[in-house]
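Enquirer: Just entry_33.txt, nothing more (compact mmCIF, C-alpha atoms and all ligand atoms):
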```txt
# COMPACT_ATOMS: atom_id res chain seq x y z
CA MET A 1 29.43 42.32 22.15
CA PHE A 2 26.30 44.40 21.68
CA GLY A 3 23.40 43.85 24.00
CA PHE A 4 19.82 44.15 22.86
CA GLU A 5 18.39 47.39 24.07
CA ASN A 6 15.39 49.42 23.11
CA ARG A 7 15.81 52.86 21.62
CA TYR A 8 15.91 54.44 25.07
CA GLY A 9 18.89 52.40 25.99
CA GLU A 10 17.00 50.14 28.39
CA PRO A 11 17.35 46.39 28.35
CA SER A 12 14.16 44.79 27.00
CA GLY A 13 12.41 41.46 26.50
CA MET A 14 13.76 41.53 22.94
CA ASN A 15 16.69 39.45 24.00
CA ILE A 16 14.81 36.26 24.71
CA ARG A 17 12.12 36.87 22.09
CA PHE A 18 14.80 37.38 19.46
CA ILE A 19 16.58 34.19 20.39
CA ILE A 20 13.32 32.22 20.41
CA GLY A 21 12.46 33.71 17.03
CA VAL A 22 15.81 32.64 15.61
CA ILE A 23 15.35 29.11 16.99
CA ILE A 24 11.85 28.82 15.48
CA ALA A 25 13.15 30.06 12.13
CA LEU A 26 16.04 27.60 12.20
CA VAL A 27 13.79 24.69 13.11
CA SER A 28 11.38 25.45 10.28
CA ILE A 29 14.21 25.91 7.78
CA VAL A 30 15.78 22.61 8.83
CA GLY A 31 12.34 20.95 8.62
CA TYR A 32 11.76 22.35 5.17
CA PHE A 33 15.07 21.21 3.78
CA SER A 34 14.98 17.77 5.35
CA SER A 35 11.77 17.02 3.41
CA ARG A 36 13.85 17.49 0.25
CA GLU A 37 16.88 15.56 -0.80
CA TYR A 38 19.87 16.25 -2.96
CA ASN A 39 20.26 13.77 -5.77
CA PRO A 40 23.94 13.52 -6.67
CA VAL A 41 23.09 11.84 -9.98
CA THR A 42 20.78 14.52 -11.36
CA LYS A 43 22.43 17.18 -9.20
CA GLU A 44 18.97 18.40 -8.31
CA THR A 45 17.16 18.90 -5.06
CA GLN A 46 14.02 16.78 -5.06
CA PHE A 47 10.98 16.26 -2.86
CA VAL A 48 10.93 12.71 -1.59
CA SER A 49 7.35 12.47 -0.37
CA LEU A 50 4.42 11.75 -2.65
CA SER A 51 1.09 13.46 -2.08
CA PRO A 52 -2.04 11.25 -2.18
CA LYS A 53 -2.85 12.76 -5.56
CA GLN A 54 0.58 11.79 -6.86
CA GLU A 55 0.21 8.33 -5.35
CA ILE A 56 -3.08 7.78 -7.23
CA ALA A 57 -1.58 9.11 -10.46
CA LEU A 58 1.48 6.89 -10.07
CA GLY A 59 -0.65 3.77 -9.55
CA LEU A 60 -2.83 4.61 -12.57
CA ARG A 61 0.22 5.20 -14.71
CA ALA A 62 1.79 1.89 -13.71
CA THR A 63 -1.39 -0.15 -14.19
CA PRO A 64 -1.29 -0.85 -17.96
CA GLN A 65 2.27 -2.13 -17.74
CA LEU A 66 1.54 -4.34 -14.75
CA ILE A 67 -1.44 -5.80 -16.63
CA ARG A 68 0.77 -6.54 -19.66
CA GLN A 69 3.39 -8.11 -17.40
CA TYR A 70 0.87 -10.56 -15.93
CA GLY A 71 -0.78 -11.91 -19.03
CA GLY A 72 -3.20 -9.08 -19.78
CA MET A 73 -6.70 -8.84 -18.36
CA HIS A 74 -8.39 -12.21 -17.93
CA PRO A 75 -10.92 -12.88 -20.72
CA ASP A 76 -13.46 -14.25 -18.21
CA GLN A 77 -15.89 -11.32 -17.83
CA ASN A 78 -17.84 -13.23 -15.22
CA GLY A 79 -14.72 -13.62 -13.06
CA GLN A 80 -13.90 -9.92 -13.41
CA ALA A 81 -17.48 -9.05 -12.40
CA ILE A 82 -17.15 -11.17 -9.25
CA VAL A 83 -13.81 -9.54 -8.36
CA ASP A 84 -15.43 -6.09 -8.84
CA LYS A 85 -18.48 -7.02 -6.78
CA VAL A 86 -16.45 -8.29 -3.83
CA GLY A 87 -13.82 -5.52 -4.07
CA PHE A 88 -16.30 -2.65 -4.14
CA ARG A 89 -18.43 -4.21 -1.43
CA LEU A 90 -15.32 -4.18 0.77
CA VAL A 91 -14.32 -0.57 0.05
CA LYS A 92 -17.87 0.77 0.34
CA GLN A 93 -18.93 -1.07 3.49
CA SER A 94 -15.80 -0.81 5.64
CA ASP A 95 -13.47 1.78 7.15
CA ALA A 96 -11.81 1.91 3.73
CA ALA A 97 -14.78 4.05 2.66
CA LYS A 98 -13.44 6.85 4.86
CA THR A 99 -10.50 7.35 2.51
CA ASN A 100 -10.41 8.87 -0.96
CA TRP A 101 -8.31 6.32 -2.78
CA GLN A 102 -9.41 5.56 -6.31
CA TYR A 103 -10.08 1.82 -6.31
CA GLU A 104 -10.06 -0.45 -9.32
CA PHE A 105 -9.91 -4.26 -9.24
CA HIS A 106 -8.26 -6.31 -11.95
CA LEU A 107 -8.38 -10.04 -12.67
CA LEU A 108 -5.12 -10.75 -14.48
CA GLY A 109 -4.75 -13.45 -17.15
CA ASP A 110 -1.61 -15.04 -15.66
CA THR A 111 -2.48 -18.67 -14.86
CA ARG A 112 0.95 -19.65 -13.43
CA THR A 113 1.90 -16.92 -10.99
CA ILE A 114 -0.02 -17.20 -7.72
CA ASN A 115 -0.13 -13.63 -6.47
CA ALA A 116 -2.08 -10.49 -5.67
CA PHE A 117 -0.81 -6.92 -5.63
CA ALA A 118 -1.80 -3.38 -4.81
CA LEU A 119 -0.27 -0.33 -6.40
CA PRO A 120 -0.17 2.92 -4.41
CA GLY A 121 -3.42 4.85 -4.72
CA GLY A 122 -5.93 1.98 -5.05
CA GLN A 123 -5.17 -0.25 -8.06
CA VAL A 124 -5.65 -3.87 -6.87
CA PHE A 125 -4.76 -7.02 -8.84
CA ILE A 126 -5.23 -10.75 -8.48
CA THR A 127 -3.83 -13.33 -10.91
CA ALA A 128 -6.02 -16.02 -12.45
CA ALA A 129 -3.69 -18.59 -10.85
CA LEU A 130 -4.59 -17.40 -7.35
CA TYR A 131 -8.24 -16.64 -8.21
CA SER A 132 -8.84 -20.16 -9.54
CA ARG A 133 -7.50 -21.74 -6.34
CA LEU A 134 -9.84 -19.82 -4.04
CA LYS A 135 -12.81 -21.86 -2.88
CA THR A 136 -15.27 -19.27 -1.53
CA GLU A 137 -16.35 -15.66 -1.99
CA GLY A 138 -15.07 -14.97 1.51
CA GLN A 139 -11.58 -16.17 0.51
CA LEU A 140 -11.59 -13.78 -2.43
CA ALA A 141 -12.68 -11.05 -0.03
CA GLY A 142 -9.73 -12.01 2.21
CA VAL A 143 -7.19 -11.56 -0.60
CA LEU A 144 -8.71 -8.27 -1.80
CA ALA A 145 -9.16 -6.89 1.73
CA HIS A 146 -5.50 -7.61 2.45
CA GLU A 147 -4.46 -5.64 -0.65
CA ILE A 148 -6.90 -2.83 0.23
CA GLY A 149 -5.13 -2.77 3.61
CA HIS A 150 -1.82 -2.01 1.88
CA VAL A 151 -3.47 0.87 -0.01
CA VAL A 152 -5.16 2.38 3.03
CA ALA A 153 -2.02 2.10 5.18
CA ARG A 154 -0.01 3.69 2.32
CA HIS A 155 2.65 1.01 2.64
CA GLY A 156 3.83 1.64 -0.91
CA ALA A 157 4.53 5.32 -0.36
CA GLU A 158 6.10 4.51 3.00
CA ARG A 159 8.41 1.92 1.44
CA MET A 160 9.28 4.24 -1.37
CA ALA A 161 10.29 6.91 1.10
CA LYS A 162 12.40 4.48 3.14
CA SER A 163 14.02 2.28 0.56
CA GLN A 164 16.30 2.44 -2.40
CA LEU A 165 13.27 3.53 -4.35
CA THR A 166 14.03 6.99 -3.03
CA GLN A 167 16.60 7.03 -5.79
CA GLY A 168 13.83 6.53 -8.29
CA LEU A 169 11.51 9.13 -6.88
CA THR A 170 12.43 11.72 -9.45
CA GLY A 171 11.08 9.17 -11.89
CA ALA A 172 8.08 8.42 -9.67
CA VAL A 173 7.10 12.07 -9.44
CA ALA A 174 7.63 12.50 -13.18
CA VAL A 175 5.44 9.46 -13.78
CA ALA A 176 2.79 10.76 -11.38
CA SER A 177 2.72 14.18 -13.04
CA GLY A 178 2.39 12.62 -16.50
CA ASP A 179 5.80 13.91 -17.42
CA ALA A 180 7.84 10.74 -17.83
CA SER A 181 9.41 8.84 -20.68
CA ALA A 182 8.46 5.24 -21.45
CA THR A 183 11.79 4.15 -19.96
CA GLN A 184 11.12 6.00 -16.73
CA ILE A 185 7.64 4.50 -16.49
CA ALA A 186 9.05 1.01 -17.07
CA GLN A 187 11.66 1.53 -14.39
CA VAL A 188 9.25 2.83 -11.78
CA VAL A 189 6.69 0.09 -12.53
CA GLY A 190 9.40 -2.56 -12.22
CA GLU A 191 10.35 -1.20 -8.82
CA LEU A 192 6.73 -1.01 -7.68
CA VAL A 193 5.95 -4.56 -8.80
CA ASN A 194 9.01 -6.10 -7.18
CA MET A 195 8.70 -4.05 -4.04
CA SER A 196 8.15 -6.29 -1.05
CA TYR A 197 6.55 -4.90 2.06
CA GLY A 198 8.05 -5.52 5.46
CA ARG A 199 6.74 -8.24 7.73
CA ASP A 200 5.08 -5.62 9.93
CA ASP A 201 3.31 -4.15 6.91
CA GLU A 202 1.98 -7.61 5.99
CA LEU A 203 0.70 -8.31 9.46
CA GLU A 204 -0.88 -4.86 9.59
CA SER A 205 -2.65 -5.59 6.30
CA ASP A 206 -3.85 -8.93 7.67
CA ARG A 207 -5.29 -7.16 10.72
CA LEU A 208 -6.93 -4.51 8.53
CA SER A 209 -8.38 -7.15 6.25
CA VAL A 210 -9.97 -9.00 9.19
CA ARG A 211 -11.71 -5.74 10.14
CA PHE A 212 -12.72 -4.75 6.57
CA MET A 213 -14.09 -8.26 5.90
CA ALA A 214 -16.23 -8.29 9.02
CA GLN A 215 -17.54 -4.77 8.36
CA ALA A 216 -18.51 -5.78 4.80
CA GLY A 217 -20.29 -8.93 6.00
CA TYR A 218 -17.61 -11.53 5.22
CA ASP A 219 -16.48 -14.13 7.70
CA PRO A 220 -12.88 -13.12 8.54
CA ARG A 221 -12.01 -16.78 9.13
CA ALA A 222 -11.99 -17.11 5.34
CA LEU A 223 -8.59 -15.39 5.44
CA ILE A 224 -7.26 -18.47 7.26
CA GLY A 225 -8.59 -20.49 4.32
CA VAL A 226 -6.54 -18.30 1.98
CA MET A 227 -3.39 -19.09 3.97
CA GLU A 228 -4.20 -22.80 3.70
CA VAL A 229 -4.67 -22.49 -0.07
CA LEU A 230 -1.28 -20.80 -0.30
CA ALA A 231 0.38 -23.39 1.91
CA GLN A 232 -1.06 -26.20 -0.27
CA ALA A 233 0.12 -24.47 -3.43
CA SER A 234 3.64 -24.35 -2.02
CA GLY A 235 3.57 -28.14 -1.68
CA GLY A 236 3.92 -28.50 -5.44
CA ASN A 237 7.06 -28.00 -7.48
CA ARG A 238 6.33 -24.39 -8.07
CA GLN A 239 6.71 -22.02 -5.14
CA PRO A 240 4.00 -19.36 -5.36
CA GLU A 241 5.42 -15.92 -6.14
CA PHE A 242 3.30 -14.75 -3.24
CA PHE A 243 6.02 -16.03 -0.89
CA SER A 244 8.69 -13.77 -2.29
CA THR A 245 6.61 -10.80 -1.24
CA HIS A 246 4.67 -12.17 1.73
CA PRO A 247 5.57 -13.98 4.96
CA ASN A 248 5.02 -17.71 5.32
CA PRO A 249 1.27 -18.42 5.59
CA GLU A 250 1.64 -20.83 8.52
CA ASN A 251 3.25 -18.08 10.58
CA ARG A 252 0.44 -15.70 9.75
CA ILE A 253 -2.45 -17.97 10.72
CA GLU A 254 -1.93 -17.59 14.48
CA LYS A 255 -1.74 -13.80 14.14
CA ILE A 256 -4.91 -13.77 12.05
CA LYS A 257 -6.71 -15.91 14.65
CA ALA A 258 -5.63 -13.43 17.35
CA ALA A 259 -6.91 -10.50 15.26
CA ILE A 260 -10.28 -12.23 14.78
CA LYS A 261 -10.56 -12.81 18.53
CA GLU A 262 -9.87 -9.13 19.10
CA GLU A 263 -12.53 -8.11 16.57
CA PHE A 264 -15.10 -10.60 17.94
CA PRO A 265 -14.39 -11.25 21.62
CA GLY A 266 -17.74 -13.08 21.90
CA GLY A 267 -17.16 -15.26 18.82
CA VAL A 268 -17.76 -14.68 15.11
CA PRO A 269 -21.45 -14.12 14.17
CA SER A 270 -22.99 -16.94 12.17
CA ASN A 271 -24.60 -14.80 9.45
CA LEU A 272 -21.35 -13.77 7.70
CA ILE A 273 -20.46 -14.89 4.17
CA PRO A 274 -17.87 -17.72 4.37
ZN ZN A 301 0.61 -8.12 1.40
```
Would you mind giving the structure from this file in structure tokens?
Expert:
Amino acid sequence: MFGFENRYGEPSGMNIRFIIGVIIALVSIVGYFSSREYNPVTKETQFVSLSPKQEIALGLRATPQLIRQYGGMHPDQNGQAIVDKVGFRLVKQSDAAKTNWQYEFHLLGDTRTINAFALPGGQVFITAALYSRLKTEGQLAGVLAHEIGHVVARHGAERMAKSQLTQGLTGAVAVASGDASATQIAQVVGELVNMSYGRDDELESDRLSVRFMAQAGYDPRALIGVMEVLAQASGGNRQPEFFSTHPNPENRIEKIKAAIKEEFPGGVPSNLIP
């Protein structure tokens, strides 16, 4: 075996430096390739992570189809204006303002499905069925702040990286880059809409929404009211769709109360919007 020697035949520090260099090169090569994945179906190597720009583009692309799927935009302009007012107040007057997501709020026409969604990148939706059951502005803020929490925490992109959706990421990237067929768009939107977040993601969004609400001047206890509205709705024949994608409201109330206590150790101020 050849030793490493300098040109004068003396042993040198090259030995260790060379080995360290090789290790660093190997680590970076392994790191580079593990951020890509081989897709045996397309027989292509693909990137599996979405950039924020791609996330925003993906959400925007999926929006028209999601709106169609849930009864179109609600004809009530006044309702849409209220959703916009509360939504933008939340994103402008809370920690959410520190991020560059492109927010839009949509009141959907669906009067049967009780649900709210967020697409990656900032598109937020609430159905007329859920909207009409809310009793106060603060409750609406609670729903929207929870969805904003999913956007800010990038739960969608996280899920997509972890789950079966990885399979569809070729499609997702194509959709994000404006380079997809109608079929691909439909497939990716379907996956996004039916994607359920994990329990931890939901509780994280609840915690974030308590903070965002308080920062924007809403009483975070209104989020407990939202859980009660959902629990009441589940008493009827029709189980709200919300439950297929969100944990049981009763189980969340205690966690929300704990988060409020953490945010306001001395009690909730009295001047917040209920
Ligand atoms: Zn959620």
Enquirer: When distances are computed from only C-alpha atoms, which of A:Gly225, A:Gly217, A:Pro75, A:Pro120 shows the smallest separation from Leu272 in chain A?
Expert: A:Gly217
Enquirer: Of the candidates A:Gln69, A:Thr183, A:Ser209, A:Asn251, which shows the shortest atom-to-atom distance to ligand ZN 301 (chain A), using all atoms listed in the file?
Expert: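 The shortest atom-to-atom distance to ligand ZN 301 (chain A) comes from A:Ser209.
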Enquirer: Got a sec to check which residues lie within 12 Å of ligand ZN 301 (chain A), using all atoms listed in the file, and send them as a PyMOL selection string?
Expert: chain A and resi 115-119+124-126+142-151+153-156+195-209+227+241-249+252
Enquirer: Have a look at CA of Arg89 in chain A and CA of Pro220 in chain A and let me know their distance in Å, one decimal.
Expert: 14.5 Å
Enquirer: Can you tell me, as a count of residues only, what residues are no more than 9 Å from Glu263 in chain A when counting all atoms listed in the file, ignoring any on the same chain fewer than 5 positions away?
Expert: 5
Enquirer: So how far away is CA of Ile273 in chain A from CA of Val226 in chain A, in Å?
Expert: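 Separation of CA of Val226 in chain A and CA of Ile273 in chain A: 14.5 Å.
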Enquirer: Looking at all atoms listed in the file, which of A:Ile224, A:Met160, A:Val152, A:Ala129 is the one that sits closest to Thr99 in chain A?
Expert: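 Ranking A:Ile224, A:Met160, A:Val152, A:Ala129 by distance to Thr99 in chain A, first place goes to A:Val152.
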Enquirer: What's the 9 Å shell around Arg61 in chain A, counting only C-alpha atoms, without same-chain residues fewer than 3 positions away, as a ChimeraX atom specification?
Expert: /A:56-58,64-65,175-176,178,185,189
Enquirer: Nearest residue to Asn271 in chain A out of A:Glu104, A:Glu254, A:Glu228, A:Asp219, using only C-alpha atoms?
Expert: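 Checking each of A:Glu104, A:Glu254, A:Glu228, A:Asp219 against Asn271 in chain A, counting only C-alpha atoms, the winner is A:Asp219.
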Enquirer: Would you compute the distance between CA of Ser234 in chain A and CA of Arg112 in chain A? Give it in Å to one decimal.
Expert: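 Value for the CA of Ser234 in chain A-CA of Arg112 in chain A distance: 12.6 Å.
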Enquirer: Write out as a ChimeraX atom specification each polymer residue whose atoms come within 10 Å of Arg68 in chain A, counting all atoms listed in the file; drop sequence neighbours fewer than 3 positions from it.
Expert: /A:63-65,71-73,108-110
